[in-house]
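Worksheet: one structure, shown below.
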Amino acid sequence: MARGFLDAFSAVEAVKRGLTAFACTSAALSTCTFTGKLRARGVPDSDAEQRKAFAYVVYEKRFEMAMLGAMAADTEFRVDAEGDDDGGENNNRKRPRPEKKAFDNQLCFRQGTRSLKLFVTGTVHVTGCSSPMAFVSLVCDFVRFLWDEGFVPAGVQGYTLLEFTPVLINVGFALEQREGPGIVKIRPQALATSIAESTVTLPEPMTPGHVEYETERHPSVKLPIFLDAAATKKMTISFCQTGTVSVQAAREPAHIAAAFGYACALLETAATQHAALHPSPKELLRKTTARQVFRLVHGYGGAHYDACFNAAPGNALCG
């Protein structure tokens, strides 16, 4: 799998070197979902024995681990005893409804913004990682947590990560001017028109869907890409007016290279035929806020102190 990512990003760099209407940053992984398989060492390799070893953790130690997370503030992993991903900490998401089914064949562990699910089959499912290395690191931390806290069944001598594959991959990149500092912004309506008329093709079996630009629903131009001939799986390319492009829900590294090349080809065509791109000075601060320095004086002719505030330009506080 590491070779797949290396080949994908090598292809991305090759596309970048061939751009003429604009330049862009390298594609950067944002969040990924991986699934892998753990094997318990020291017990027979049969499915029944391996399942028994992981069932000990999932079933017998479920509430003990949950109590540890509730009572020890410095515990690295938080465990949801009910088997639901929310675990009472909704993280700006809606709490699950009381009638929502709780799956008892898994345990959900949280480390910061990342979530790891362990199934009784030994499968691990991780969301919120930024790279394959982050996935491996999290699984290692998780195994160490089980070992240090005594949640390993008798006879198990350790765990081995046999394999892992990406399930969902999200990447992004930004457009830049070819010469000098500055960004390249997108005219959404012109880009949407250009994409609708485009004859740029994708590698088989991928096919583009219908381009969408509906400002009342989303400010970006969205283009679904169907990944199979049956059109049952898709990823989405989003073009933002600010010049950022994101690819959501790619299933494998090859999809990253294909989406990057396709997006850049569409932008090149849109720039030359529809003037959909325009350079803009590099913005160091948000338009809505500006950092202002205020001098506070203590006493007549006394000591002064500087304080920084974020104030909207034109505000009475800005002087």
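Each chain in the structure tokens gets a letter, A, B, ..., in the order shown, and its residues are numbered from 1; ligands are numbered from 1 in order too.
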Test item, strand (DSSP E or B) assignment across range 29-278 of chain A, answer as JSON, numbers by chain: {"A": [29, 30, 31, 32, 33, 34, 35, 36, 37, 38, 39, 40, 41, 78, 79, 80, 106, 107, 108, 109, 110, 111, 114, 115, 116, 117, 118, 119, 123, 124, 125, 126, 127, 128, 129, 158, 159, 160, 161, 162, 163, 164, 165, 166, 167, 168, 169, 170, 171, 172, 173, 174, 175, 176, 183, 184, 185, 186, 207, 208, 212, 221, 222, 223, 224, 225, 226, 234, 235, 236, 237, 238, 239, 244, 245, 246, 247, 248, 249, 250, 277, 278]}
For range 146-155 of chain A: contacts at 12 Å, only C-alpha atoms, fewer than 3 positions along chain excluded, given as a PyMOL selection string: chain A and resi 40-44+49-66+68-69+75-77+79+109+118+139-143+158-159
Can I get the selected residues back with N, CA and C atoms, as a CSV table (one decimal), in the first residue's frame?
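result.csv, written as the output of this step:
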```
chain,number,residue,atom,x,y,z
A,40,ALA,N,-3.6,-12.2,17.2
A,40,ALA,CA,-3.1,-12.4,18.5
A,40,ALA,C,-2.0,-13.5,18.5
A,41,ARG,N,-0.8,-13.1,18.9
A,41,ARG,CA,0.2,-14.1,19.0
A,41,ARG,C,0.2,-14.9,20.2
A,42,GLY,N,0.5,-16.2,20.1
A,42,GLY,CA,0.5,-17.1,21.3
A,42,GLY,C,-0.7,-18.0,21.4
A,43,VAL,N,-1.7,-17.7,20.5
A,43,VAL,CA,-2.9,-18.6,20.4
A,43,VAL,C,-3.0,-19.1,19.0
A,44,PRO,N,-3.7,-20.3,18.8
A,44,PRO,CA,-3.8,-20.9,17.5
A,44,PRO,C,-4.3,-19.9,16.5
A,49,GLU,N,-10.3,-19.6,17.6
A,49,GLU,CA,-9.4,-19.2,18.7
A,49,GLU,C,-9.0,-17.7,18.7
A,50,GLN,N,-8.8,-17.2,17.5
A,50,GLN,CA,-8.5,-15.8,17.4
A,50,GLN,C,-9.7,-14.9,17.8
A,51,ARG,N,-10.9,-15.4,17.4
A,51,ARG,CA,-12.1,-14.6,17.8
A,51,ARG,C,-12.3,-14.7,19.4
A,52,LYS,N,-11.9,-15.8,20.0
A,52,LYS,CA,-12.1,-15.9,21.4
A,52,LYS,C,-11.1,-14.9,22.1
A,53,ALA,N,-9.9,-14.7,21.6
A,53,ALA,CA,-8.9,-13.8,22.2
A,53,ALA,C,-9.4,-12.4,22.1
A,54,PHE,N,-10.0,-12.0,21.0
A,54,PHE,CA,-10.5,-10.6,20.9
A,54,PHE,C,-11.8,-10.4,21.6
A,55,ALA,N,-12.6,-11.5,21.7
A,55,ALA,CA,-13.9,-11.4,22.4
A,55,ALA,C,-13.6,-11.1,23.9
A,56,TYR,N,-12.5,-11.5,24.4
A,56,TYR,CA,-12.2,-11.2,25.8
A,56,TYR,C,-12.1,-9.7,26.0
A,57,VAL,N,-11.4,-9.0,25.1
A,57,VAL,CA,-11.3,-7.6,25.2
A,57,VAL,C,-12.6,-6.9,24.9
A,58,VAL,N,-13.3,-7.3,23.9
A,58,VAL,CA,-14.6,-6.6,23.5
A,58,VAL,C,-15.7,-6.8,24.5
A,59,TYR,N,-15.8,-8.0,25.0
A,59,TYR,CA,-17.0,-8.4,25.9
A,59,TYR,C,-16.6,-8.3,27.4
A,60,GLU,N,-15.6,-9.0,27.8
A,60,GLU,CA,-15.3,-9.1,29.2
A,60,GLU,C,-14.7,-7.9,29.8
A,61,LYS,N,-13.9,-7.1,29.0
A,61,LYS,CA,-13.2,-5.9,29.6
A,61,LYS,C,-13.9,-4.6,29.2
A,62,ARG,N,-15.0,-4.7,28.6
A,62,ARG,CA,-15.7,-3.5,28.0
A,62,ARG,C,-15.9,-2.4,29.1
A,63,PHE,N,-16.7,-2.8,30.2
A,63,PHE,CA,-17.0,-1.8,31.2
A,63,PHE,C,-15.9,-1.4,32.1
A,64,GLU,N,-15.0,-2.4,32.3
A,64,GLU,CA,-13.8,-2.0,33.1
A,64,GLU,C,-12.9,-1.0,32.4
A,65,MET,N,-12.8,-1.1,31.0
A,65,MET,CA,-12.1,0.0,30.3
A,65,MET,C,-12.8,1.3,30.3
A,66,ALA,N,-14.2,1.2,30.2
A,66,ALA,CA,-15.0,2.4,30.2
A,66,ALA,C,-14.8,3.1,31.5
A,68,LEU,N,-12.3,3.0,33.5
A,68,LEU,CA,-10.9,3.5,33.6
A,68,LEU,C,-10.9,4.9,32.9
A,69,GLY,N,-11.5,5.0,31.7
A,69,GLY,CA,-11.6,6.2,31.0
A,69,GLY,C,-12.4,7.3,31.7
A,75,THR,N,-5.9,9.1,31.0
A,75,THR,CA,-5.9,7.9,30.2
A,75,THR,C,-5.9,8.3,28.7
A,76,GLU,N,-5.0,7.6,28.0
A,76,GLU,CA,-4.8,8.0,26.6
A,76,GLU,C,-6.0,7.7,25.7
A,77,PHE,N,-6.6,6.6,26.0
A,77,PHE,CA,-7.8,6.2,25.2
A,77,PHE,C,-9.1,6.3,26.0
A,79,VAL,N,-13.0,4.9,26.1
A,79,VAL,CA,-13.7,3.8,25.6
A,79,VAL,C,-15.2,4.0,25.8
A,109,PHE,N,-12.7,3.2,20.6
A,109,PHE,CA,-11.7,3.9,21.4
A,109,PHE,C,-11.4,5.2,20.7
A,118,LEU,N,-12.5,-1.7,17.4
A,118,LEU,CA,-12.0,-3.1,17.5
A,118,LEU,C,-13.2,-4.0,17.4
A,139,VAL,N,-2.5,2.3,16.0
A,139,VAL,CA,-2.8,0.9,16.4
A,139,VAL,C,-1.7,0.5,17.4
A,140,CYS,N,-0.4,0.9,17.2
A,140,CYS,CA,0.6,0.6,18.1
A,140,CYS,C,0.3,1.1,19.5
A,141,ASP,N,-0.1,2.4,19.6
A,141,ASP,CA,-0.5,3.0,20.8
A,141,ASP,C,-1.6,2.2,21.5
A,142,PHE,N,-2.6,1.8,20.7
A,142,PHE,CA,-3.7,1.0,21.2
A,142,PHE,C,-3.3,-0.3,21.8
A,143,VAL,N,-2.4,-1.0,21.1
A,143,VAL,CA,-1.9,-2.3,21.6
A,143,VAL,C,-1.2,-2.1,22.9
A,158,GLY,N,1.2,-11.1,22.4
A,158,GLY,CA,1.3,-9.8,21.7
A,158,GLY,C,0.4,-9.8,20.5
A,159,TYR,N,0.4,-8.7,19.7
A,159,TYR,CA,-0.5,-8.6,18.6
A,159,TYR,C,0.3,-8.2,17.3
```
In range 23-245 of chain A, DSSP alpha helix (DSSP H) residues written as an NGL selection string: :A and (47-55 or 62-71 or 132-148 or 188-197)
From A:Ala192, A:Ala2, A:Ala23, A:Ile237, residue lying nearest Ala254 in chain A [only C-alpha atoms]: A:Ala2
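Separating CA of Pro224 in chain A from CA of Ala263 in chain A is a distance of 11.5 Å.
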Considering only C-alpha atoms, tabulate each residue of range 19-66 of chain A that lies at most 10 Å from range 240-250 of chain A along with its nearest interatomic pair and the corresponding distance in Å to one decimal; arrange the rows by chain and ascending residue number and present them as a Markdown table.
```
| residue | atom | partner | partner_atom | distance |
| --- | --- | --- | --- | --- |
| A:Cys24 | CA | A:Thr244 | CA | 9.3 |
| A:Thr25 | CA | A:Thr244 | CA | 9.6 |
| A:Ala27 | CA | A:Ser246 | CA | 8.8 |
| A:Ala28 | CA | A:Ser246 | CA | 9.4 |
| A:Leu29 | CA | A:Val247 | CA | 9.6 |
| A:Ser30 | CA | A:Ser246 | CA | 9.3 |
| A:Thr31 | CA | A:Gln248 | CA | 9.3 |
| A:Cys32 | CA | A:Ala249 | CA | 8.6 |
| A:Thr33 | CA | A:Ala249 | CA | 9.3 |
```
Same residues, N, CA and C atoms, saved as a compact mmCIF listing (two decimals), in the first residue's frame:
```txt
# COMPACT_ATOMS: atom_id res chain seq x y z
N CYS A 24 0.29 25.10 -8.58
CA CYS A 24 -0.50 24.65 -7.44
C CYS A 24 0.40 23.97 -6.43
N THR A 25 -0.09 23.86 -5.24
CA THR A 25 0.63 23.16 -4.19
C THR A 25 0.50 21.65 -4.43
N ALA A 27 -0.63 17.91 -3.57
CA ALA A 27 -1.82 17.35 -2.91
C ALA A 27 -1.43 16.87 -1.51
N ALA A 28 -2.20 17.27 -0.53
CA ALA A 28 -1.92 16.92 0.86
C ALA A 28 -3.06 16.09 1.43
N LEU A 29 -2.72 15.01 2.09
CA LEU A 29 -3.73 14.20 2.76
C LEU A 29 -4.34 15.00 3.91
N SER A 30 -5.65 14.98 4.03
CA SER A 30 -6.31 15.66 5.14
C SER A 30 -6.77 14.63 6.17
N THR A 31 -7.79 13.88 5.87
CA THR A 31 -8.23 12.81 6.77
C THR A 31 -8.45 11.54 5.96
N CYS A 32 -8.15 10.41 6.58
CA CYS A 32 -8.28 9.12 5.92
C CYS A 32 -8.94 8.13 6.87
N THR A 33 -9.56 7.13 6.30
CA THR A 33 -10.12 6.01 7.05
C THR A 33 -9.43 4.74 6.58
```
Among the residues A:Asp45, A:Asp228, A:Glu268, A:Glu176, the one that comes closest to Pro203 in chain A [using only C-alpha atoms]: A:Asp228
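Among the candidate residues A:Thr215, A:Thr236, A:Gln189, A:Thr165, the one lying nearest to Gly4 in chain A is A:Thr165, with distances computed using only C-alpha atoms.
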Contact residues around Val124 in chain A with only C-alpha atoms at 7 Å, ignoring same-chain residues under 6 positions, as a PyMOL selection string: chain A and resi 35-37+116-118
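Counting only C-alpha atoms and comparing A:Leu175, A:Glu163, A:Leu202, A:Val221, the residue that lies closest to Leu19 in chain A is A:Leu175.
Take CA of Val171 in chain A and CA of Gly261 in chain A: the distance between them is 13.1 Å.
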